[in-house]
Structure formats: structure tokens, C-alpha cells
$ cat final.txt   # compact mmCIF, C-alpha atoms
# COMPACT_ATOMS: atom_id res chain seq x y z
CA MET A 1 25.09 30.28 -0.31
CA HIS A 2 23.18 30.65 2.94
CA ASP A 3 20.15 28.89 1.42
CA THR A 4 22.33 25.99 0.24
CA THR A 5 23.88 25.65 3.70
CA ALA A 6 20.45 25.68 5.36
CA LEU A 7 19.23 23.06 2.86
CA LEU A 8 22.17 20.75 3.64
CA ILE A 9 21.73 21.13 7.38
CA GLU A 10 17.98 20.50 7.26
CA LEU A 11 18.29 17.52 4.90
CA GLY A 12 21.06 16.03 7.00
CA ALA A 13 18.98 16.44 10.15
CA ILE A 14 15.89 14.86 8.54
CA ILE A 15 17.75 11.87 7.07
CA LEU A 16 19.63 11.29 10.32
CA ALA A 17 16.35 11.43 12.24
CA LEU A 18 14.81 8.93 9.78
CA GLY A 19 17.69 6.54 10.33
CA LEU A 20 17.34 6.73 14.10
CA LEU A 21 13.55 6.33 13.92
CA GLY A 22 13.94 3.32 11.61
CA ARG A 23 16.31 1.67 14.08
CA LEU A 24 13.93 2.39 16.95
CA ALA A 25 11.03 0.86 15.00
CA GLY A 26 13.12 -2.24 14.30
CA ARG A 27 13.96 -2.59 17.99
CA ILE A 28 10.31 -2.51 19.10
CA GLY A 29 9.12 -4.65 16.18
CA PHE A 30 6.80 -2.09 14.56
CA SER A 31 6.55 -0.51 11.14
CA PRO A 32 8.50 2.79 10.96
CA ILE A 33 5.70 4.48 8.96
CA PRO A 34 3.93 6.05 12.00
CA LEU A 35 7.25 7.38 13.28
CA TYR A 36 8.04 8.92 9.87
CA LEU A 37 4.61 10.57 9.78
CA LEU A 38 5.10 11.94 13.30
CA ALA A 39 8.54 13.27 12.31
CA GLY A 40 6.94 15.09 9.37
CA LEU A 41 4.32 16.58 11.66
CA ALA A 42 7.07 17.76 14.02
CA PHE A 43 9.18 19.35 11.25
CA GLY A 44 6.29 20.85 9.24
CA HIS A 45 4.24 24.02 9.48
CA GLY A 46 2.74 24.31 12.95
CA GLY A 47 5.13 21.63 14.28
CA LEU A 48 7.80 21.80 16.97
CA LEU A 49 10.75 22.50 14.61
CA PRO A 50 9.42 23.93 11.32
CA MET A 51 11.74 23.54 8.31
CA ASN A 52 11.25 25.53 5.13
CA ALA A 53 14.45 25.52 3.05
CA SER A 54 14.28 21.83 2.11
CA GLU A 55 10.54 21.56 1.39
CA GLU A 56 10.77 21.72 -2.43
CA PHE A 57 13.63 19.21 -2.51
CA ILE A 58 11.73 16.84 -0.22
CA ALA A 59 8.62 17.14 -2.43
CA THR A 60 10.66 15.86 -5.41
CA GLY A 61 12.14 13.09 -3.27
CA ALA A 62 8.65 12.13 -2.11
CA GLU A 63 7.45 11.77 -5.72
CA ILE A 64 10.43 9.51 -6.48
CA GLY A 65 9.59 7.55 -3.31
CA VAL A 66 6.07 6.75 -4.57
CA ILE A 67 7.45 5.68 -7.97
CA LEU A 68 10.03 3.36 -6.37
CA LEU A 69 7.44 1.90 -3.98
CA LEU A 70 5.24 0.91 -6.91
CA LEU A 71 8.16 -0.29 -9.06
CA LEU A 72 9.38 -2.72 -6.41
CA LEU A 73 5.82 -3.82 -5.75
CA GLY A 74 5.52 -4.67 -9.46
CA LEU A 75 8.82 -6.56 -9.35
CA GLU A 76 7.32 -8.86 -6.71
CA TYR A 77 4.77 -10.25 -9.19
CA SER A 78 5.02 -11.83 -12.60
CA ALA A 79 2.31 -11.23 -15.18
CA SER A 80 1.25 -14.91 -15.00
CA GLU A 81 0.84 -14.64 -11.20
CA LEU A 82 -1.36 -11.59 -11.61
CA VAL A 83 -3.56 -13.32 -14.18
CA THR A 84 -3.85 -16.44 -11.98
CA ASN A 85 -4.78 -14.34 -8.95
CA LEU A 86 -7.39 -12.46 -10.94
CA LYS A 87 -9.01 -15.74 -12.01
CA THR A 88 -9.06 -17.34 -8.55
CA GLN A 89 -9.38 -14.42 -6.13
CA TYR A 90 -11.70 -11.97 -7.89
CA PRO A 91 -14.74 -12.79 -5.65
CA SER A 92 -12.62 -11.96 -2.59
CA GLY A 93 -11.47 -8.78 -4.33
CA ILE A 94 -15.08 -7.70 -4.92
CA VAL A 95 -15.99 -8.38 -1.26
CA ASP A 96 -12.86 -6.46 -0.19
CA LEU A 97 -13.88 -3.46 -2.33
CA VAL A 98 -17.49 -3.37 -1.08
CA LEU A 99 -16.73 -3.90 2.62
CA ASN A 100 -13.81 -1.49 2.88
CA ALA A 101 -14.35 1.26 0.29
CA VAL A 102 -17.99 1.95 1.16
CA PRO A 103 -17.27 3.12 4.78
CA GLY A 104 -14.78 5.72 3.49
CA ALA A 105 -17.17 6.99 0.81
CA VAL A 106 -20.06 7.20 3.29
CA ALA A 107 -17.89 9.05 5.83
CA ALA A 108 -16.86 11.67 3.24
CA LEU A 109 -20.48 12.25 2.22
CA VAL A 110 -21.65 12.48 5.86
CA LEU A 111 -18.89 15.03 6.54
CA GLY A 112 -20.13 17.04 3.54
CA TRP A 113 -16.94 16.74 1.49
CA GLY A 114 -18.62 15.93 -1.83
CA PRO A 115 -18.54 13.01 -4.30
CA VAL A 116 -14.93 13.44 -5.51
CA ALA A 117 -13.63 13.41 -1.93
CA ALA A 118 -15.86 10.36 -1.31
CA VAL A 119 -14.09 8.46 -4.12
CA ALA A 120 -10.71 9.47 -2.64
CA LEU A 121 -11.56 8.52 0.96
CA ALA A 122 -13.00 5.22 -0.31
CA GLY A 123 -9.53 4.42 -1.66
CA VAL A 124 -7.87 5.45 1.61
CA THR A 125 -9.98 2.97 3.61
CA TRP A 126 -9.96 0.23 0.95
CA ILE A 127 -6.28 -0.55 0.33
CA SER A 128 -4.20 -2.50 2.84
CA SER A 129 -0.48 -1.85 3.23
CA SER A 130 1.50 -4.47 1.29
CA GLY A 131 4.77 -3.28 2.84
CA VAL A 132 3.59 -3.45 6.45
CA ILE A 133 1.80 -6.78 5.93
CA ALA A 134 4.80 -8.41 4.25
CA LYS A 135 6.98 -7.35 7.20
CA VAL A 136 4.44 -8.61 9.75
CA LEU A 137 4.19 -12.02 8.02
CA GLY A 138 7.97 -12.33 8.11
CA ASP A 139 8.27 -11.18 11.72
CA LEU A 140 5.60 -13.63 12.89
CA GLY A 141 7.08 -16.53 10.88
CA ARG A 142 3.87 -17.04 8.90
CA LEU A 143 5.25 -17.00 5.36
CA GLY A 144 4.71 -20.76 5.15
CA ASN A 145 1.18 -20.73 6.62
CA ARG A 146 -1.68 -21.96 4.47
CA GLU A 147 -3.60 -18.69 4.79
CA THR A 148 -0.63 -16.61 3.55
CA PRO A 149 -1.27 -17.19 -0.20
CA VAL A 150 -4.85 -16.02 0.39
CA ILE A 151 -3.59 -12.82 2.05
CA LEU A 152 -1.12 -12.20 -0.78
CA GLY A 153 -3.88 -12.89 -3.34
CA VAL A 154 -6.09 -10.17 -1.85
CA LEU A 155 -3.13 -7.76 -1.83
CA VAL A 156 -2.32 -8.51 -5.48
CA ILE A 157 -5.93 -7.80 -6.49
CA GLU A 158 -5.79 -4.48 -4.59
CA ASP A 159 -2.47 -3.51 -6.19
CA LEU A 160 -3.74 -4.31 -9.67
CA ALA A 161 -6.99 -2.44 -8.98
CA MET A 162 -4.87 0.65 -8.32
CA ALA A 163 -3.92 0.64 -12.01
CA VAL A 164 -7.57 1.49 -12.72
CA TYR A 165 -8.48 3.44 -9.59
CA LEU A 166 -5.59 5.95 -9.59
CA PRO A 167 -6.17 7.19 -13.18
CA LEU A 168 -9.90 7.47 -12.47
CA LEU A 169 -9.24 9.47 -9.30
CA THR A 170 -6.69 11.66 -11.11
CA ALA A 171 -9.27 12.44 -13.80
CA LEU A 172 -11.92 13.32 -11.19
CA LEU A 173 -9.50 15.52 -9.25
CA ALA A 174 -8.52 17.32 -12.46
CA GLY A 175 -12.20 18.11 -13.05
CA LEU A 176 -12.30 16.38 -16.42
CA SER A 177 -15.63 15.91 -18.14
CA LEU A 178 -17.31 12.52 -18.41
CA ALA A 179 -15.81 12.11 -21.88
CA GLY A 180 -12.35 13.14 -20.67
CA GLY A 181 -12.53 10.87 -17.63
CA SER A 182 -13.74 7.95 -19.75
CA LEU A 183 -10.88 8.50 -22.19
CA THR A 184 -8.37 8.51 -19.33
CA LEU A 185 -9.83 5.30 -17.95
CA LEU A 186 -9.76 3.64 -21.40
CA ILE A 187 -6.12 4.68 -21.85
CA SER A 188 -5.31 3.21 -18.44
CA LEU A 189 -7.11 -0.08 -19.10
CA GLY A 190 -5.54 -0.31 -22.54
CA THR A 191 -2.07 0.35 -21.14
CA VAL A 192 -2.47 -2.25 -18.38
CA SER A 193 -3.79 -4.84 -20.88
CA ILE A 194 -0.95 -4.19 -23.36
CA VAL A 195 1.72 -4.39 -20.65
CA LEU A 196 0.28 -7.63 -19.26
CA TYR A 197 0.12 -9.12 -22.77
CA ILE A 198 3.71 -8.08 -23.58
CA ALA A 199 4.92 -9.33 -20.18
CA LEU A 200 3.19 -12.70 -20.68
CA ARG A 201 4.30 -13.20 -24.28
CA HIS A 202 7.60 -11.32 -24.49
CA GLY A 203 8.72 -10.79 -20.89
CA ARG A 204 11.96 -12.66 -21.49
CA LEU A 205 12.89 -10.38 -24.41
CA ILE A 206 12.32 -7.24 -22.31
CA SER A 207 14.29 -8.66 -19.40
CA ARG A 208 17.10 -9.68 -21.77
CA ALA A 209 17.24 -6.17 -23.25
CA VAL A 210 17.47 -4.59 -19.79
CA SER A 211 19.77 -7.24 -18.30
CA SER A 212 23.38 -6.43 -17.45
CA ASP A 213 26.09 -8.17 -15.44
CA ASN A 214 27.25 -4.75 -14.30
CA PRO A 215 25.11 -3.68 -11.28
CA GLU A 216 25.72 0.00 -12.06
CA MET A 217 24.42 -0.36 -15.62
CA LEU A 218 21.40 -2.41 -14.47
CA LEU A 219 20.53 0.20 -11.84
CA LEU A 220 20.79 3.09 -14.33
CA VAL A 221 18.76 1.36 -17.05
CA VAL A 222 15.95 0.16 -14.75
CA LEU A 223 15.73 3.44 -12.83
CA GLY A 224 15.91 5.52 -16.02
CA LEU A 225 13.26 3.37 -17.75
CA THR A 226 10.97 3.59 -14.72
CA LEU A 227 11.19 7.38 -14.40
CA PHE A 228 10.74 7.78 -18.18
CA VAL A 229 7.63 5.56 -18.29
CA ALA A 230 6.27 7.18 -15.11
CA GLY A 231 6.66 10.61 -16.70
CA ILE A 232 4.88 9.54 -19.89
CA ALA A 233 2.09 7.94 -17.81
CA GLN A 234 1.66 11.19 -15.91
CA GLU A 235 1.45 13.15 -19.18
CA LEU A 236 -1.36 10.81 -20.24
CA GLN A 237 -3.00 11.38 -16.83
CA VAL A 238 -2.67 7.66 -16.10
CA SER A 239 -0.59 8.23 -12.88
CA ALA A 240 3.18 8.00 -12.57
CA ALA A 241 2.79 5.35 -9.84
CA VAL A 242 0.84 3.05 -12.18
CA GLY A 243 3.50 3.48 -14.89
CA ALA A 244 6.19 2.39 -12.41
CA PHE A 245 4.07 -0.57 -11.29
CA LEU A 246 3.68 -1.75 -14.90
CA VAL A 247 7.45 -1.52 -15.50
CA GLY A 248 7.96 -3.76 -12.47
CA ILE A 249 5.47 -6.32 -13.82
CA ALA A 250 7.15 -6.35 -17.26
CA LEU A 251 10.55 -7.32 -15.77
CA SER A 252 11.03 -10.88 -14.59
CA GLY A 253 13.54 -13.55 -13.59
CA GLU A 254 17.10 -12.62 -12.66
CA VAL A 255 16.66 -9.03 -13.89
CA ALA A 256 13.72 -8.47 -11.51
CA GLU A 257 15.64 -10.04 -8.62
CA GLY A 258 18.79 -8.02 -9.35
CA ALA A 259 16.86 -4.77 -9.76
CA HIS A 260 14.96 -5.44 -6.53
CA ASN A 261 18.20 -5.94 -4.57
CA LEU A 262 19.77 -2.81 -6.02
CA LEU A 263 16.74 -0.55 -5.67
CA ALA A 264 15.46 -1.70 -2.25
CA PRO A 265 17.75 0.66 -0.26
CA LEU A 266 16.81 3.58 -2.55
CA ARG A 267 13.14 2.65 -2.17
CA ASP A 268 13.43 2.63 1.62
CA LEU A 269 15.16 6.02 1.66
CA PHE A 270 12.77 7.82 -0.70
CA ALA A 271 9.70 6.10 0.76
CA ALA A 272 10.72 7.40 4.18
CA VAL A 273 11.12 10.88 2.62
CA PHE A 274 7.62 10.51 1.13
CA PHE A 275 6.01 9.79 4.51
CA VAL A 276 7.92 12.67 6.09
CA PHE A 277 6.80 15.00 3.28
CA PHE A 278 3.17 14.01 3.83
CA GLY A 279 3.60 14.80 7.51
CA LEU A 280 5.32 18.10 6.62
CA SER A 281 2.34 19.14 4.49
CA THR A 282 -0.13 18.40 7.31
CA ASP A 283 -0.61 20.95 10.07
CA PRO A 284 -0.77 19.08 13.42
CA THR A 285 -3.49 21.49 14.62
CA ASP A 286 -5.77 20.17 11.82
CA ILE A 287 -5.74 16.63 13.24
CA PRO A 288 -7.78 16.98 16.50
CA PRO A 289 -11.00 18.06 14.68
CA VAL A 290 -10.89 14.90 12.50
CA LEU A 291 -9.56 12.51 15.16
CA LEU A 292 -12.99 11.15 16.12
CA PRO A 293 -14.04 10.40 12.50
CA ALA A 294 -10.63 8.80 11.91
CA LEU A 295 -11.01 6.62 15.01
CA ILE A 296 -14.55 5.52 14.03
CA LEU A 297 -13.37 4.74 10.48
CA ALA A 298 -10.40 2.80 11.86
CA VAL A 299 -12.61 0.63 14.09
CA VAL A 300 -15.19 -0.01 11.34
CA THR A 301 -12.66 -0.81 8.61
CA ALA A 302 -10.54 -2.96 10.92
CA LEU A 303 -13.63 -5.14 11.41
CA THR A 304 -14.47 -5.12 7.69
CA LYS A 305 -10.91 -6.18 6.80
CA ILE A 306 -11.15 -9.06 9.29
CA ALA A 307 -14.43 -10.04 7.60
CA THR A 308 -12.68 -9.84 4.20
CA GLY A 309 -9.87 -12.13 5.34
CA TRP A 310 -12.37 -14.56 6.89
CA TYR A 311 -14.33 -14.75 3.61
CA ALA A 312 -11.24 -15.12 1.40
CA ALA A 313 -9.71 -17.84 3.61
CA ARG A 314 -13.04 -19.65 3.89
CA ARG A 315 -13.24 -19.81 0.08
CA ALA A 316 -9.84 -21.54 0.16
CA GLY A 317 -11.14 -24.14 2.63
CA ILE A 318 -9.09 -22.85 5.56
CA GLY A 319 -10.34 -23.33 9.13
CA PRO A 320 -11.51 -20.66 11.61
CA ARG A 321 -8.10 -20.00 13.17
CA GLY A 322 -6.51 -19.43 9.77
CA ARG A 323 -9.44 -17.25 8.72
CA LEU A 324 -8.97 -15.02 11.75
CA ARG A 325 -5.24 -14.79 11.15
CA ALA A 326 -5.87 -13.81 7.52
CA GLY A 327 -8.36 -11.12 8.52
CA GLY A 328 -6.21 -9.73 11.33
CA THR A 329 -3.18 -9.50 9.04
CA LEU A 330 -5.04 -7.45 6.41
CA VAL A 331 -5.99 -4.65 8.84
CA ALA A 332 -2.87 -2.44 8.41
CA ARG A 333 -3.13 0.56 6.07
CA GLY A 334 -0.12 2.57 4.95
CA GLU A 335 1.59 3.72 1.77
CA PHE A 336 -1.34 3.58 -0.69
CA SER A 337 -3.69 5.36 1.71
CA ILE A 338 -1.20 8.20 2.05
CA VAL A 339 -0.57 8.32 -1.73
CA ILE A 340 -4.32 8.65 -2.40
CA ALA A 341 -4.79 11.28 0.29
CA GLY A 342 -1.81 13.21 -1.06
CA LEU A 343 -3.50 13.38 -4.48
CA ALA A 344 -6.81 14.53 -3.01
CA VAL A 345 -5.77 17.29 -0.59
CA GLY A 346 -6.12 19.90 -3.33
CA VAL A 347 -9.87 19.16 -3.56
CA GLU A 348 -10.52 18.61 0.14
CA PRO A 349 -7.69 19.75 2.47
CA ARG A 350 -9.21 17.92 5.48
CA ILE A 351 -8.52 14.54 3.83
CA GLY A 352 -4.81 14.96 4.64
CA PRO A 353 -5.19 15.25 8.44
CA LEU A 354 -7.90 12.56 8.49
CA ALA A 355 -5.77 10.13 6.45
CA THR A 356 -2.73 10.84 8.64
CA ALA A 357 -4.65 10.06 11.83
CA TYR A 358 -6.34 7.03 10.22
CA VAL A 359 -3.06 5.52 8.99
CA LEU A 360 -1.31 6.25 12.28
CA ILE A 361 -4.02 4.30 14.12
CA LEU A 362 -4.17 1.30 11.77
CA VAL A 363 -0.45 0.99 11.05
CA ILE A 364 -0.01 0.54 14.82
CA VAL A 365 -3.12 -1.59 15.37
CA GLY A 366 -2.50 -3.78 12.27
CA PRO A 367 0.52 -5.72 13.62
CA LEU A 368 -1.37 -6.18 16.92
CA THR A 369 -4.47 -7.64 15.25
CA ALA A 370 -2.22 -9.93 13.19
CA ARG A 371 -0.43 -11.11 16.32
CA PHE A 372 -3.41 -11.64 18.61
CA THR A 373 -5.95 -13.27 16.31
CA GLU A 374 -4.30 -16.64 17.04
CA PRO A 375 -5.15 -16.55 20.79
CA LEU A 376 -8.62 -15.29 19.89
CA GLY A 377 -9.01 -18.20 17.48
CA ARG A 378 -8.04 -20.69 20.21
CA ARG A 379 -10.63 -19.22 22.57
CA LEU A 380 -13.32 -19.49 19.92
CA LEU A 381 -12.37 -23.10 19.27
CA ARG A 382 -12.59 -23.94 22.98
CA ARG A 383 -16.15 -22.64 23.01
CA THR A 384 -17.16 -24.98 20.17
CA PRO A 385 -19.78 -27.46 21.54
CA ALA A 386 -18.49 -30.91 22.38
CA GLY A 387 -18.56 -33.36 19.52
CA LYS A 388 -18.33 -30.58 16.91
CA SER A 389 -14.74 -30.04 15.94
CA SER A 390 -13.86 -27.01 13.85
CA PRO A 391 -11.36 -27.49 11.05
CA SER A 392 -7.85 -26.24 11.67
CA SER A 393 -6.12 -23.95 9.22
CA ASP A 394 -3.57 -26.73 8.84
CA ALA A 395 -6.18 -29.29 7.83
CA ILE A 396 -6.84 -30.55 4.31
CA PRO A 397 -8.87 -27.94 2.40
CA THR A 398 -12.63 -28.39 2.51
CA PRO A 399 -15.11 -27.10 -0.06
CA ALA A 400 -15.94 -23.37 0.15
CA THR A 401 -19.49 -24.24 1.19
CA THR A 402 -18.36 -25.89 4.42
CA PRO A 403 -19.59 -23.80 7.39
$ encode --input "final.txt" --output "C-alpha cells"
Amino acid sequence: MHDTTALLIELGAIILALGLLGRLAGRIGFSPIPLYLLAGLAFGHGGLLPMNASEEFIATGAEIGVILLLLLLGLEYSASELVTNLKTQYPSGIVDLVLNAVPGAVAALVLGWGPVAAVALAGVTWISSSGVIAKVLGDLGRLGNRETPVILGVLVIEDLAMAVYLPLLTALLAGLSLAGGSLTLLISLGTVSIVLYIALRHGRLISRAVSSDNPEMLLLVVLGLTLFVAGIAQELQVSAAVGAFLVGIALSGEVAEGAHNLLAPLRDLFAAVFFVFFGLSTDPTDIPPVLLPALILAVVTALTKIATGWYAARRAGIGPRGRLRAGGTLVARGEFSIVIAGLAVGVEPRIGPLATAYVLILVIVGPLTARFTEPLGRRLLRRTPAGKSSPSSDAIPTPATTP
């Protein structure tokens, strides 16, 4: 009875604190992710107010949080949009991978963490935060800007790449042989291909089968289907998160919109629990030794993301100001970086503290780079020699070869 009482008190305190932190973040116009991470550090082992009774419960909630994050991300895209983005944006996706994954891999090898940790840290530094970036675009009123589809295209490529990367990382972390890892990767690729095919050809039938005018029934069916598929995916070592993402892609139309509206509050709650849990599992005293590497990585990969956005927007014929805005907006890292680090801490415990510090830096810096690239762009344009006008991001698209 005492344990149950302690659990209720601790959970109530954590959820109340999350609500207050979320409101504070909204007031100051920042993502709440860094505040949630700091709350986890404060409540975890070595923190100011350590909590133990609710740790197992929060771990389960955190796993559900990751699944819901990926489900709602999948609901944002239709299968046809994914295919179109793959066809048009794949060069930008390759540049994004090379520029932003390599610094993480090199850092892990320099620190002596080994090849598996290098693959994990490469993912941490590679993937931008779709959630933070979507909020920043809305807050800055840039959803209608011409560079915004380019930004979203890069994010879609990254999200889809996770369907291959996460199973590969899971296989490496599990210590599977080359044959076992290859089999896992083939299963993952096969699953993604089958789901995309079914979603393209028979998406309406799936949505019709799931559809319900009763919100309660729709919520239960979609949530139950997602958890069921996520569990099967995990059994196949494909990653529960990827299974949830694929369910989101398979649903479309009114069903996807209705499910998104119903599940968004649950997603926000469990996602917040996930970030707190990651903070809980990180000892604050482990962060200072990795703070310098995290800061160096943050500076390097902020610049490489700006270069990625510049390249992607330039391919779309967008002018220098729009290119800078695209690059600055892509800087933020968040949920995926933490998910990847959470998977890898069993192999290299120092990845957790490093990823926490890295995400804390870039989730704060990201909205600032997105906001202040516009003034920087104006200054660069003023320095353009007389008689040579640079194209505006609002101008008619020019060929990708235009300097």
C-alpha cells in the first residue's frame, strides 16, 4: 500500500511539473524538450530530488511515448507523398546523411567508443527534430514560405531513413552476426516496401476498415493496432518505433486526421514522459566530462545542417535568403536523437550524457538559428557588389545550376 501511495505521489508530482514546464516553454516561445530533460535530470539518480518508486512505470510510459511520436509522424504523410519526396529530394538526403552523420561517427571513434557506438552517435547527430521544426515554422509564420517544402522534404527523407537505420542499429546493438544483421535489414526493407505498396494501392480499404464515427472506437482501434504492430515489429527486431511509423503511413484521409486529433494529447503526454525518463536514466554528474565534445559536435553539426539546407534550397532554385532560412531551421535536434541514444546506452553508457547535453544545446540554439538567419541573409545581400543582384527566395525558381 505504501509503495502504491508513493507511486501516485511521485507520478502526480512529475506530471504536474511537466504541465507547468510546458506552459513556461509556451510563454517564452521555446520547445519544452530541454525543460523536460532538465526535469528528468533533477528527479533522477544523482539529481536534486531522486524518485525511485515510479521508475518502472515511467519506463513503460516512455516506450509508449516513442511509439505515439512515430505513429503521429507517419499520419502526417501519405504513401504517395513519401514516394514523391524520395524521387525529388534523394540527392539532398544523401548530402544530409554525409554532412551530419559523419561528424558523430568520427567523434565516437576519436573518443574510443568503438564502431557500434559510432553508428549510434552518427544517428544522434544526423536526424533533425521534426516536432521542434514544425513548431518553429508555425511560430515564425513560415508555413507558406517557398523554402518550407524543401525543409519538409529533407525531414521526410530522414524519417523514412529511420525505417532502415533503426533496425540496423538494433541488430548491431544486439550483437547479431553479419548474416543475422543482414536478415534483420532485409526484413525491415521488405516490411517498409510492402506497407508502402499496400498504402499506395489499398490505403482506402485499410482506412475504411479502421474508420468509425465513434471517436472512442476509432481511438481504441488505431491505438490497439499500433501497439500490436509495434510489438510484432519488435519481435522481428525491426524496431517498435518503425512499426508505429508504418501504421501511420498506411492510414489516410479522414481516418488519419481523426486519429491525429484524438491521439495528439496522448502523444504529448507520453512524449513528455519519454524525455523525463531519459533524463531520469542519466546521472547529471556524467554530463560535465562530455560537455566539451557535445559543444564541439553541436557547433560542427549546426554548420553542416545549415549547409544541408542551403544545398537543398539551392536545388529548388531558391535564393540566398531562403537558403539560409532553410539551413537555420534544420539545426534543431530532439526526439530521434534521444531515441537513438536511449537504444545505445547499453553498449556505451557515455552516449546518454553526451546526447543529453548535445540535444539540450541544439534544441535551444535551433529556434534561434531559424529566427536570425533572415537578418543574416539581409546583411549578406547588402554586401553583394553593385550591379549584381542576388535572387530572392520569393523569386521565380531558377535552375539548380544558378550560382
$ closest_atom_pairs --input "final.txt" --of "segment 221-290 of chain A" --to "segment 351-373 of chain A" --cutoff "10 Å" --atoms "only C-alpha atoms" --output "JSON lines"
{"residue": "A:Phe275", "atom": "CA", "partner": "A:Thr356", "partner_atom": "CA", "distance": 9.7}
{"residue": "A:Phe278", "atom": "CA", "partner": "A:Gly352", "partner_atom": "CA", "distance": 8.1}
{"residue": "A:Gly279", "atom": "CA", "partner": "A:Thr356", "partner_atom": "CA", "distance": 7.6}
{"residue": "A:Ser281", "atom": "CA", "partner": "A:Gly352", "partner_atom": "CA", "distance": 8.3}
{"residue": "A:Thr282", "atom": "CA", "partner": "A:Pro353", "partner_atom": "CA", "distance": 6.1}
{"residue": "A:Asp283", "atom": "CA", "partner": "A:Pro353", "partner_atom": "CA", "distance": 7.5}
{"residue": "A:Pro284", "atom": "CA", "partner": "A:Pro353", "partner_atom": "CA", "distance": 7.7}
{"residue": "A:Thr285", "atom": "CA", "partner": "A:Pro353", "partner_atom": "CA", "distance": 8.9}
{"residue": "A:Asp286", "atom": "CA", "partner": "A:Pro353", "partner_atom": "CA", "distance": 6.0}
{"residue": "A:Ile287", "atom": "CA", "partner": "A:Pro353", "partner_atom": "CA", "distance": 5.0}
{"residue": "A:Pro288", "atom": "CA", "partner": "A:Pro353", "partner_atom": "CA", "distance": 8.6}
{"residue": "A:Pro289", "atom": "CA", "partner": "A:Leu354", "partner_atom": "CA", "distance": 8.8}
{"residue": "A:Val290", "atom": "CA", "partner": "A:Leu354", "partner_atom": "CA", "distance": 5.5}
$ atom_distance --input "final.txt" --atom1 "atom CA of Leu152 of chain A" --atom2 "atom CA of Leu330 of chain A"
9.5 Å
$ closest_residue --input "final.txt" --among "A:Ala241, A:Glu216, A:Val102, A:Tyr197" --to "Val164 of chain A" --atoms "all atoms listed in the file"
A:Ala241
$ atom_distance --input "final.txt" --atom1 "atom CA of Trp113 of chain A" --atom2 "atom CA of Asp159 of chain A"
26.0 Å
$ atom_distance --input "final.txt" --atom1 "atom CA of Arg204 of chain A" --atom2 "atom CA of Ser252 of chain A"
7.2 Å
$ build_atoms --input "final.txt" --residues "segment 355-369 of chain A" --atoms "N, CA, C and O atoms" --output "compact mmCIF listing (two decimals), keeping the file's coordinate frame"
# COMPACT_ATOMS: atom_id res chain seq x y z
N ALA A 355 -6.53 11.29 6.91
CA ALA A 355 -5.77 10.13 6.45
C ALA A 355 -4.54 9.90 7.33
O ALA A 355 -4.19 8.75 7.64
N THR A 356 -3.89 10.98 7.76
CA THR A 356 -2.73 10.84 8.64
C THR A 356 -3.12 10.17 9.95
O THR A 356 -2.47 9.21 10.39
N ALA A 357 -4.19 10.65 10.57
CA ALA A 357 -4.65 10.06 11.83
C ALA A 357 -5.10 8.62 11.62
O ALA A 357 -4.78 7.72 12.42
N TYR A 358 -5.82 8.37 10.53
CA TYR A 358 -6.34 7.03 10.22
C TYR A 358 -5.20 6.03 10.04
O TYR A 358 -5.21 4.93 10.61
N VAL A 359 -4.19 6.41 9.23
CA VAL A 359 -3.06 5.52 8.99
C VAL A 359 -2.24 5.31 10.26
O VAL A 359 -1.79 4.20 10.54
N LEU A 360 -2.04 6.39 11.02
CA LEU A 360 -1.31 6.25 12.28
C LEU A 360 -1.96 5.21 13.20
O LEU A 360 -1.29 4.39 13.82
N ILE A 361 -3.29 5.25 13.26
CA ILE A 361 -4.02 4.30 14.12
C ILE A 361 -3.85 2.86 13.60
O ILE A 361 -3.45 1.96 14.33
N LEU A 362 -4.12 2.67 12.30
CA LEU A 362 -4.17 1.30 11.77
C LEU A 362 -2.79 0.70 11.48
O LEU A 362 -2.63 -0.51 11.48
N VAL A 363 -1.78 1.55 11.27
CA VAL A 363 -0.45 0.99 11.05
C VAL A 363 0.14 0.51 12.38
O VAL A 363 1.05 -0.32 12.42
N ILE A 364 -0.40 1.03 13.49
CA ILE A 364 -0.01 0.54 14.82
C ILE A 364 -0.88 -0.64 15.24
O ILE A 364 -0.39 -1.66 15.74
N VAL A 365 -2.18 -0.53 14.99
CA VAL A 365 -3.12 -1.59 15.37
C VAL A 365 -2.95 -2.84 14.51
O VAL A 365 -3.09 -3.96 14.99
N GLY A 366 -2.60 -2.66 13.20
CA GLY A 366 -2.50 -3.78 12.27
C GLY A 366 -1.60 -4.91 12.75
O GLY A 366 -2.03 -6.07 12.78
N PRO A 367 -0.34 -4.63 13.12
CA PRO A 367 0.52 -5.72 13.62
C PRO A 367 -0.04 -6.37 14.89
O PRO A 367 0.18 -7.57 15.11
N LEU A 368 -0.78 -5.61 15.70
CA LEU A 368 -1.37 -6.18 16.92
C LEU A 368 -2.51 -7.14 16.58
O LEU A 368 -2.62 -8.22 17.16
N THR A 369 -3.38 -6.74 15.63
CA THR A 369 -4.47 -7.64 15.25
C THR A 369 -3.92 -8.90 14.59
O THR A 369 -4.45 -10.00 14.78
